[in-house]
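A.B. asks: Pasting run35.cif below, which is mmCIF, C-alpha atoms and all ligand atoms.
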data_structure
loop_
_atom_site.group_PDB
_atom_site.id
_atom_site.type_symbol
_atom_site.label_atom_id
_atom_site.label_comp_id
_atom_site.auth_asym_id
_atom_site.auth_seq_id
_atom_site.Cartn_x
_atom_site.Cartn_y
_atom_site.Cartn_z
ATOM 1 C CA MET A 292 18.508 27.322 -29.518
ATOM 2 C CA PRO A 293 15.926 27.540 -26.738
ATOM 3 C CA ARG A 294 12.385 26.948 -27.765
ATOM 4 C CA SER A 295 10.362 30.086 -27.409
ATOM 5 C CA ALA A 296 6.786 30.034 -26.216
ATOM 6 C CA SER A 297 5.739 31.236 -29.648
ATOM 7 C CA ALA A 298 7.478 28.285 -31.271
ATOM 8 C CA LEU A 299 5.766 25.928 -28.842
ATOM 9 C CA LEU A 300 2.486 27.612 -29.574
ATOM 10 C CA ALA A 301 3.034 27.074 -33.273
ATOM 11 C CA LEU A 302 3.582 23.395 -32.502
ATOM 12 C CA GLY A 303 0.362 23.275 -30.566
ATOM 13 C CA LEU A 304 2.147 22.568 -27.305
ATOM 14 C CA LEU A 305 0.676 25.447 -25.343
ATOM 15 C CA PRO A 306 -3.026 24.617 -25.126
ATOM 16 C CA PHE A 307 -3.604 26.988 -22.242
ATOM 17 C CA ALA A 308 -3.424 30.598 -21.220
ATOM 18 C CA LEU A 309 -0.010 32.198 -20.846
ATOM 19 C CA THR A 310 -0.187 35.573 -19.190
ATOM 20 C CA ALA A 311 1.854 37.974 -17.153
ATOM 21 C CA CYS A 312 0.677 37.833 -13.588
ATOM 22 C CA GLY A 313 0.554 39.932 -10.477
ATOM 23 C CA SER A 314 0.058 38.471 -7.036
ATOM 24 C CA PRO A 315 -0.075 34.666 -7.029
ATOM 25 C CA GLU A 316 -2.220 34.747 -3.921
ATOM 26 C CA GLU A 317 -5.652 35.318 -5.370
ATOM 27 C CA PRO A 318 -7.462 33.426 -8.095
ATOM 28 C CA THR A 319 -8.771 35.450 -10.979
ATOM 29 C CA LEU A 320 -12.093 33.954 -11.876
ATOM 30 C CA GLY A 321 -12.160 35.741 -15.188
ATOM 31 C CA ASP A 322 -11.714 34.806 -18.786
ATOM 32 C CA ASP A 323 -7.987 34.202 -18.645
ATOM 33 C CA ALA A 324 -8.173 30.431 -18.843
ATOM 34 C CA LEU A 325 -9.720 30.001 -22.231
ATOM 35 C CA GLY A 326 -6.706 28.466 -23.873
ATOM 36 C CA GLU A 327 -5.129 31.317 -25.805
ATOM 37 C CA ALA A 328 -1.577 32.526 -25.385
ATOM 38 C CA GLU A 329 -1.563 36.229 -24.742
ATOM 39 C CA GLN A 330 2.177 36.547 -24.231
ATOM 40 C CA THR A 331 5.002 34.833 -26.038
ATOM 41 C CA VAL A 332 8.161 36.142 -24.362
ATOM 42 C CA CYS A 333 9.693 35.511 -20.957
ATOM 43 C CA THR A 334 8.954 38.230 -18.422
ATOM 44 C CA PRO A 335 9.871 38.529 -14.727
ATOM 45 C CA ASN A 336 6.369 37.503 -13.657
ATOM 46 C CA MET A 337 4.432 34.954 -15.684
ATOM 47 C CA SER A 338 1.638 32.508 -15.056
ATOM 48 C CA VAL A 339 0.175 29.583 -16.932
ATOM 49 C CA THR A 340 -3.374 28.447 -16.216
ATOM 50 C CA PHE A 341 -4.626 24.904 -16.792
ATOM 51 C CA GLY A 342 -8.355 24.370 -16.989
ATOM 52 C CA THR A 343 -11.061 26.987 -16.848
ATOM 53 C CA ALA A 344 -11.718 29.264 -13.885
ATOM 54 C CA ASP A 345 -15.468 28.640 -13.805
ATOM 55 C CA ASN A 346 -15.970 28.041 -10.083
ATOM 56 C CA PHE A 347 -16.041 24.241 -10.423
ATOM 57 C CA GLY A 348 -19.061 24.462 -12.641
ATOM 58 C CA GLY A 349 -18.245 24.086 -16.292
ATOM 59 C CA GLY A 350 -16.597 20.719 -16.537
ATOM 60 C CA PRO A 351 -15.099 18.986 -18.175
ATOM 61 C CA ASP A 352 -12.521 21.710 -18.662
ATOM 62 C CA PRO A 353 -10.425 21.472 -21.824
ATOM 63 C CA LEU A 354 -7.207 19.751 -20.755
ATOM 64 C CA PRO A 355 -4.888 17.471 -22.712
ATOM 65 C CA TYR A 356 -5.578 13.825 -21.822
ATOM 66 C CA ALA A 357 -8.694 14.575 -19.734
ATOM 67 C CA PRO A 358 -10.433 12.819 -18.015
ATOM 68 C CA THR A 359 -7.111 11.378 -16.835
ATOM 69 C CA ALA A 360 -3.506 12.317 -17.648
ATOM 70 C CA MET A 361 -0.864 11.355 -20.204
ATOM 71 C CA PRO A 362 -0.987 7.583 -20.817
ATOM 72 C CA GLU A 363 2.524 6.916 -19.483
ATOM 73 C CA PHE A 364 1.598 8.601 -16.176
ATOM 74 C CA VAL A 365 -1.661 6.674 -15.933
ATOM 75 C CA THR A 366 0.340 3.464 -16.421
ATOM 76 C CA TYR A 367 2.823 4.600 -13.760
ATOM 77 C CA LEU A 368 0.022 5.268 -11.264
ATOM 78 C CA ALA A 369 -1.592 1.900 -11.976
ATOM 79 C CA ALA A 370 1.731 0.206 -11.284
ATOM 80 C CA ASN A 371 1.801 2.074 -7.968
ATOM 81 C CA GLY A 372 -1.646 0.994 -6.828
ATOM 82 C CA ILE A 373 -3.879 3.724 -8.300
ATOM 83 C CA PRO A 374 -5.909 2.292 -11.207
ATOM 84 C CA ALA A 375 -7.371 4.515 -13.914
ATOM 85 C CA SER A 376 -10.837 3.868 -12.482
ATOM 86 C CA GLN A 377 -9.833 5.970 -9.438
ATOM 87 C CA LEU A 378 -8.754 9.001 -11.491
ATOM 88 C CA LYS A 379 -10.765 12.084 -12.420
ATOM 89 C CA THR A 380 -10.291 15.451 -14.082
ATOM 90 C CA LEU A 381 -11.002 19.050 -13.069
ATOM 91 C CA ASP A 382 -14.490 20.061 -11.878
ATOM 92 C CA ASP A 383 -15.406 16.462 -10.972
ATOM 93 C CA ALA A 384 -17.133 16.343 -7.576
ATOM 94 C CA THR A 385 -16.857 12.568 -7.160
ATOM 95 C CA SER A 386 -15.356 11.635 -3.789
ATOM 96 C CA ASN A 387 -12.666 9.005 -3.362
ATOM 97 C CA ARG A 388 -10.998 9.786 -6.704
ATOM 98 C CA HIS A 389 -7.611 11.295 -7.497
ATOM 99 C CA THR A 390 -7.633 14.519 -9.538
ATOM 100 C CA VAL A 391 -4.858 14.243 -12.140
ATOM 101 C CA ALA A 392 -3.623 16.605 -14.843
ATOM 102 C CA THR A 393 -0.643 16.751 -17.187
ATOM 103 C CA LEU A 394 0.802 20.278 -17.080
ATOM 104 C CA ARG A 395 2.782 21.220 -20.192
ATOM 105 C CA HIS A 396 3.802 24.581 -18.797
ATOM 106 C CA GLY A 397 6.133 25.750 -21.574
ATOM 107 C CA LEU A 398 8.166 27.824 -19.102
ATOM 108 C CA ARG A 399 11.415 25.880 -19.126
ATOM 109 C CA SER A 400 13.167 28.257 -21.524
ATOM 110 C CA CYS A 401 12.364 31.060 -19.052
ATOM 111 C CA PHE A 402 14.261 29.382 -16.176
ATOM 112 C CA THR A 403 17.328 31.422 -17.093
ATOM 113 C CA GLN A 404 17.946 32.941 -13.695
ATOM 114 C CA THR A 405 17.533 29.855 -11.548
ATOM 115 C CA PRO A 406 17.819 29.511 -8.645
ATOM 116 C CA PHE A 407 16.868 33.181 -8.383
ATOM 117 C CA CYS A 408 13.516 32.578 -10.036
ATOM 118 C CA THR A 409 10.786 30.900 -8.015
ATOM 119 C CA LEU A 410 8.024 28.630 -9.225
ATOM 120 C CA THR A 411 4.706 28.224 -7.410
ATOM 121 C CA LEU A 412 1.855 25.843 -8.149
ATOM 122 C CA CYS A 413 -1.654 26.850 -7.090
ATOM 123 C CA ALA A 414 -4.856 24.821 -7.275
ATOM 124 C CA TYR A 415 -8.266 26.384 -6.683
ATOM 125 C CA SER A 416 -9.820 23.532 -4.747
ATOM 126 C CA ARG A 417 -12.863 22.415 -2.769
ATOM 127 C CA ALA A 418 -13.062 19.775 -0.051
ATOM 128 C CA LEU A 419 -15.579 16.957 -0.615
ATOM 129 C CA PRO A 420 -17.132 14.378 1.735
ATOM 130 C CA THR A 421 -16.059 12.551 3.773
ATOM 131 C CA THR A 422 -12.442 12.813 4.978
ATOM 132 C CA PRO A 423 -10.644 15.467 2.927
ATOM 133 C CA GLN A 424 -8.582 16.398 5.985
ATOM 134 C CA ASN A 425 -5.871 13.880 5.067
ATOM 135 C CA ASP A 426 -5.659 14.839 1.374
ATOM 136 C CA THR A 427 -2.353 15.676 -0.279
ATOM 137 C CA ILE A 428 -1.055 17.302 -3.462
ATOM 138 C CA THR A 429 1.757 15.459 -5.247
ATOM 139 C CA VAL A 430 3.723 16.846 -8.202
ATOM 140 C CA HIS A 431 5.868 14.681 -10.495
ATOM 141 C CA ASP A 432 8.405 15.956 -13.023
ATOM 142 C CA THR A 433 8.418 14.703 -16.627
ATOM 143 C CA ASP A 434 10.670 15.426 -19.598
ATOM 144 C CA PHE A 435 9.638 14.849 -23.186
ATOM 145 C CA GLY A 436 10.730 11.380 -24.239
ATOM 146 C CA THR A 437 11.859 10.354 -20.742
ATOM 147 C CA TYR A 438 8.778 9.077 -19.074
ATOM 148 C CA SER A 439 9.912 8.630 -15.531
ATOM 149 C CA PHE A 440 7.902 10.468 -12.938
ATOM 150 C CA PRO A 441 10.056 11.487 -9.956
ATOM 151 C CA ILE A 442 8.117 13.185 -7.168
ATOM 152 C CA ILE A 443 9.399 16.740 -6.701
ATOM 153 C CA ALA A 444 6.769 17.954 -4.230
ATOM 154 C CA ASN A 445 4.329 16.204 -1.913
ATOM 155 C CA THR A 446 2.388 18.346 0.530
ATOM 156 C CA ALA A 447 -0.484 17.702 2.922
ATOM 157 C CA VAL A 448 -3.278 20.179 2.275
ATOM 158 C CA THR A 449 -3.692 20.867 5.955
ATOM 159 C CA PRO A 450 -1.996 22.374 7.822
ATOM 160 C CA ALA A 451 0.662 23.209 5.217
ATOM 161 C CA LEU A 452 -1.553 24.867 2.618
ATOM 162 C CA THR A 453 -4.630 25.876 4.593
ATOM 163 C CA PRO A 454 -5.530 25.696 8.320
ATOM 164 C CA THR A 455 -8.692 23.639 7.819
ATOM 165 C CA TRP A 456 -9.924 21.383 5.017
ATOM 166 C CA ASN A 457 -13.407 20.194 5.843
ATOM 167 C CA PRO A 458 -16.156 19.225 3.372
ATOM 168 C CA GLY A 459 -17.384 22.363 1.615
ATOM 169 C CA ASN A 460 -14.246 24.421 2.266
ATOM 170 C CA THR A 461 -12.850 26.179 -0.808
ATOM 171 C CA ALA A 462 -9.335 27.641 -1.046
ATOM 172 C CA PHE A 463 -6.618 28.665 -3.469
ATOM 173 C CA LEU A 464 -3.919 26.216 -2.368
ATOM 174 C CA CYS A 465 -0.388 27.333 -3.287
ATOM 175 C CA MET A 466 2.875 25.440 -2.847
ATOM 176 C CA PRO A 467 6.452 26.191 -3.923
ATOM 177 C CA LEU A 468 8.109 23.929 -6.496
ATOM 178 C CA PRO A 469 11.861 23.172 -6.527
ATOM 179 C CA ILE A 470 12.573 24.967 -9.803
ATOM 180 C CA THR A 471 15.895 23.241 -10.452
ATOM 181 C CA SER A 472 14.016 19.911 -10.538
ATOM 182 C CA VAL A 473 11.347 21.058 -13.005
ATOM 183 C CA GLY A 474 11.667 19.959 -16.625
ATOM 184 C CA ASP A 475 9.332 20.062 -19.608
ATOM 185 C CA MET A 476 6.124 18.955 -17.922
ATOM 186 C CA LEU A 477 4.623 18.313 -14.525
ATOM 187 C CA GLN A 478 2.070 15.743 -13.447
ATOM 188 C CA PHE A 479 -0.423 16.914 -10.816
ATOM 189 C CA ARG A 480 -2.231 14.560 -8.446
ATOM 190 C CA MET A 481 -4.512 15.523 -5.564
ATOM 191 C CA GLN A 482 -5.975 12.737 -3.465
ATOM 192 C CA ASN A 483 -8.656 11.888 -2.876
ATOM 193 C CA GLU A 484 -11.662 13.724 -1.455
ATOM 194 C CA SER A 485 -11.162 17.093 -3.059
ATOM 195 C CA MET A 486 -12.006 18.670 -6.406
ATOM 196 C CA VAL A 487 -10.039 21.217 -8.422
ATOM 197 C CA ASP A 488 -11.448 24.041 -10.538
ATOM 198 C CA PHE A 489 -8.200 25.089 -12.228
ATOM 199 C CA ILE A 490 -4.423 24.960 -11.702
ATOM 200 C CA ARG A 491 -2.000 27.828 -12.111
ATOM 201 C CA ILE A 492 1.807 27.868 -12.229
ATOM 202 C CA ASN A 493 3.503 31.177 -11.411
ATOM 203 C CA LEU A 494 7.083 32.047 -12.364
ATOM 204 C CA ASN A 495 8.640 34.997 -10.550
ATOM 205 C CA CYS A 496 12.164 36.203 -11.259
HETATM 206 CA CA CA B 501 -9.001 11.776 1.946
HETATM 207 CA CA CA B 502 -12.999 24.588 -13.864
#
How would this structure read if it were set down as structure tokens?

C.D. replies:
Amino acid sequence: MPRSASALLALGLLPFALTACGSPEEPTLGDDALGEAEQTVCTPNMSVTFGTADNFGGGPDPLPYAPTAMPEFVTYLAANGIPASQLKTLDDATSNRHTVATLRHGLRSCFTQTPFCTLTLCAYSRALPTTPQNDTITVHDTDFGTYSFPIIANTAVTPALTPTWNPGNTAFLCMPLPITSVGDMLQFRMQNESMVDFIRINLNC
């Protein structure tokens, strides 16, 4: 029997906002990221927000595993040359650190029409000194109990997601995810001279 979002909520596995969404293009800097599920059934257009849309100001945002990510992913990164000392969480303006977040999106039971549904990940981000121009966003898949972290998306911020990415630039960076490769969770990593206010995953069917 597929786990419903309400069942996951009862288990405490949805510590974020779950709302129907409109256009995925614009951030909504409102009160929709306060950690309460407002919708518990699958609809054609849904979004899940991680962190608080507070214009980079209110950190640390409430995220599971902040200020890093789930321990198995932190261990994986360390084994691949990125020690925990180089990681940071949302709203952290420290340069030369990797923003990481574990995204327990709770949407998997809604992937009923794949590949007709599309999944998009957006990060409201700001470029920091000194060389953000070469920064990238990498997304790893993770299933409960199977802690391997295959990369399912890896995109340079510029020019793929925005034409320019110079210190002080702010943008809502959106990238498609290969929905058939997405399991229970995702691991987000943005390196290394950028900061992230909040992350949003949009499901459109
Ligand atoms: Ca950089
Ligand atoms: Ca924030």

A.B. asks: As a list in words, please: every protein or nucleic acid residue near ligand CA 501 (chain B) (cut-off 6 Å, counting all atoms listed in the file).

C.D. replies: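 So, counting all atoms listed in the file, the residues near ligand CA 501 (chain B) are Thr422, Pro423, Asn425, Asp426, Asn483 and Glu484 of chain A.
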
A.B. asks: Can you write out as a Markdown table which residues of chain A fall within 6 Å of ligand CA 502 (chain B), alongside each residue's closest atom pair and its distance in Å to one decimal, counting only C-alpha atoms and all ligand atoms and ordering rows by chain and ascending residue number?

C.D. replies:
| residue | atom | partner | partner_atom | distance |
| --- | --- | --- | --- | --- |
| A:Gly342 | CA | B:CA502 | CA | 5.6 |
| A:Thr343 | CA | B:CA502 | CA | 4.3 |
| A:Ala344 | CA | B:CA502 | CA | 4.8 |
| A:Asp345 | CA | B:CA502 | CA | 4.7 |
| A:Asn346 | CA | B:CA502 | CA | 5.9 |
| A:Phe347 | CA | B:CA502 | CA | 4.6 |
| A:Gly349 | CA | B:CA502 | CA | 5.8 |
| A:Gly350 | CA | B:CA502 | CA | 5.9 |
| A:Asp352 | CA | B:CA502 | CA | 5.6 |
| A:Leu381 | CA | B:CA502 | CA | 5.9 |
| A:Asp382 | CA | B:CA502 | CA | 5.2 |
| A:Asp488 | CA | B:CA502 | CA | 3.7 |
| A:Phe489 | CA | B:CA502 | CA | 5.1 |

A.B. asks: Apply the PyMOL selection byres (((chain A and resi 359) around 8) and not hetatm) to the file shown and report the selected residues as a PyMOL selection string.

C.D. replies: chain A and resi 356-358+360-361+365+375+378-380+390-392

A.B. asks: Output C-alpha atoms for every residue in that selection, as a PDB file, in the frame of the given file.

C.D. replies:
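That gives us selection.pdb:
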ATOM      1  CA  TYR A 356      -5.578  13.825 -21.822  1.00  0.00           C
ATOM      2  CA  ALA A 357      -8.694  14.575 -19.734  1.00  0.00           C
ATOM      3  CA  PRO A 358     -10.433  12.819 -18.015  1.00  0.00           C
ATOM      4  CA  ALA A 360      -3.506  12.317 -17.648  1.00  0.00           C
ATOM      5  CA  MET A 361      -0.864  11.355 -20.204  1.00  0.00           C
ATOM      6  CA  VAL A 365      -1.661   6.674 -15.933  1.00  0.00           C
ATOM      7  CA  ALA A 375      -7.371   4.515 -13.914  1.00  0.00           C
ATOM      8  CA  LEU A 378      -8.754   9.001 -11.491  1.00  0.00           C
ATOM      9  CA  LYS A 379     -10.765  12.084 -12.420  1.00  0.00           C
ATOM     10  CA  THR A 380     -10.291  15.451 -14.082  1.00  0.00           C
ATOM     11  CA  THR A 390      -7.633  14.519  -9.538  1.00  0.00           C
ATOM     12  CA  VAL A 391      -4.858  14.243 -12.140  1.00  0.00           C
ATOM     13  CA  ALA A 392      -3.623  16.605 -14.843  1.00  0.00           C
TER      14      ALA A 392
END

A.B. asks: With the PyMOL selection byres (((chain A and resi 477) around 12) and not hetatm) as the selection, what would be picked from this file? Answer as a ChimeraX atom specification, please.

C.D. replies: /A:341,360-361,364,391-399,412,429-435,438-444,468-470,472-476,478-480,490-492

A.B. asks: Record the distance separating atom CA of A:Leu464 and atom CA of A:Ser416, expressed in Å with one decimal.

C.D. replies: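 That distance, rounded to one decimal, is 6.9 Å.
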
A.B. asks: Once you count all atoms listed in the file, which residues end up no further than 9 Å from (13.3, 33.7, -12.1) in the file's frame, shown as a PyMOL selection string?

C.D. replies: chain A and resi 334-336+401-410+494-496

A.B. asks: Could you state which residues are captured by the PyMOL selection byres (((chain A and resi 446) around 6) and not hetatm) in this file, as a VMD selection string?

C.D. replies: chain A and resid 427 to 428 445 447

A.B. asks: With all atoms listed in the file as the basis for distance, which of A:Met337, A:Met486, A:Leu419, A:Met481 is at the shortest distance from A:Pro458?

C.D. replies: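 Checking each candidate against A:Pro458, we get A:Leu419 as the closest.
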
A.B. asks: Just the number, please: distance in Å from atom CA of A:Gly436 to atom CA of A:Pro467, one decimal.

C.D. replies: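 A separation of 25.5 Å between them.
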
A.B. asks: List the neighbours of A:Gly459 out to 9 Å using only C-alpha atoms; skip same-chain residues closer than 4 positions along the sequence, and give me the result as a list in words.

C.D. replies: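 Contacts, with the query itself left out: Arg417, Ala418, Leu419 and Pro420 of chain A.
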
A.B. asks: Grab the atom CA of A:Phe463 to atom CA of A:Val332 distance for me, in Å with one decimal place.

C.D. replies: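 Taking atom CA of A:Phe463 as the start and atom CA of A:Val332 as the end point, the length is 26.7 Å.
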
A.B. asks: For stretch 411-425 of chain A, I'd like the enclosing box, axis-aligned and padded by 4 Å on every side, reported as AutoDock Vina command-line options with centre and edge lengths in Å to one decimal.

C.D. replies:
--center_x -6.2 --center_y 20.4 --center_z -1.1 --size_x 29.8 --size_y 23.7 --size_z 22.1

A.B. asks: Between A:Thr437, A:Thr366, A:Ser485, A:Ser338, which one has atoms that come closest to A:Asn460, using only C-alpha atoms?

C.D. replies: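 That would be A:Ser485, the residue with the smallest distance to A:Asn460.
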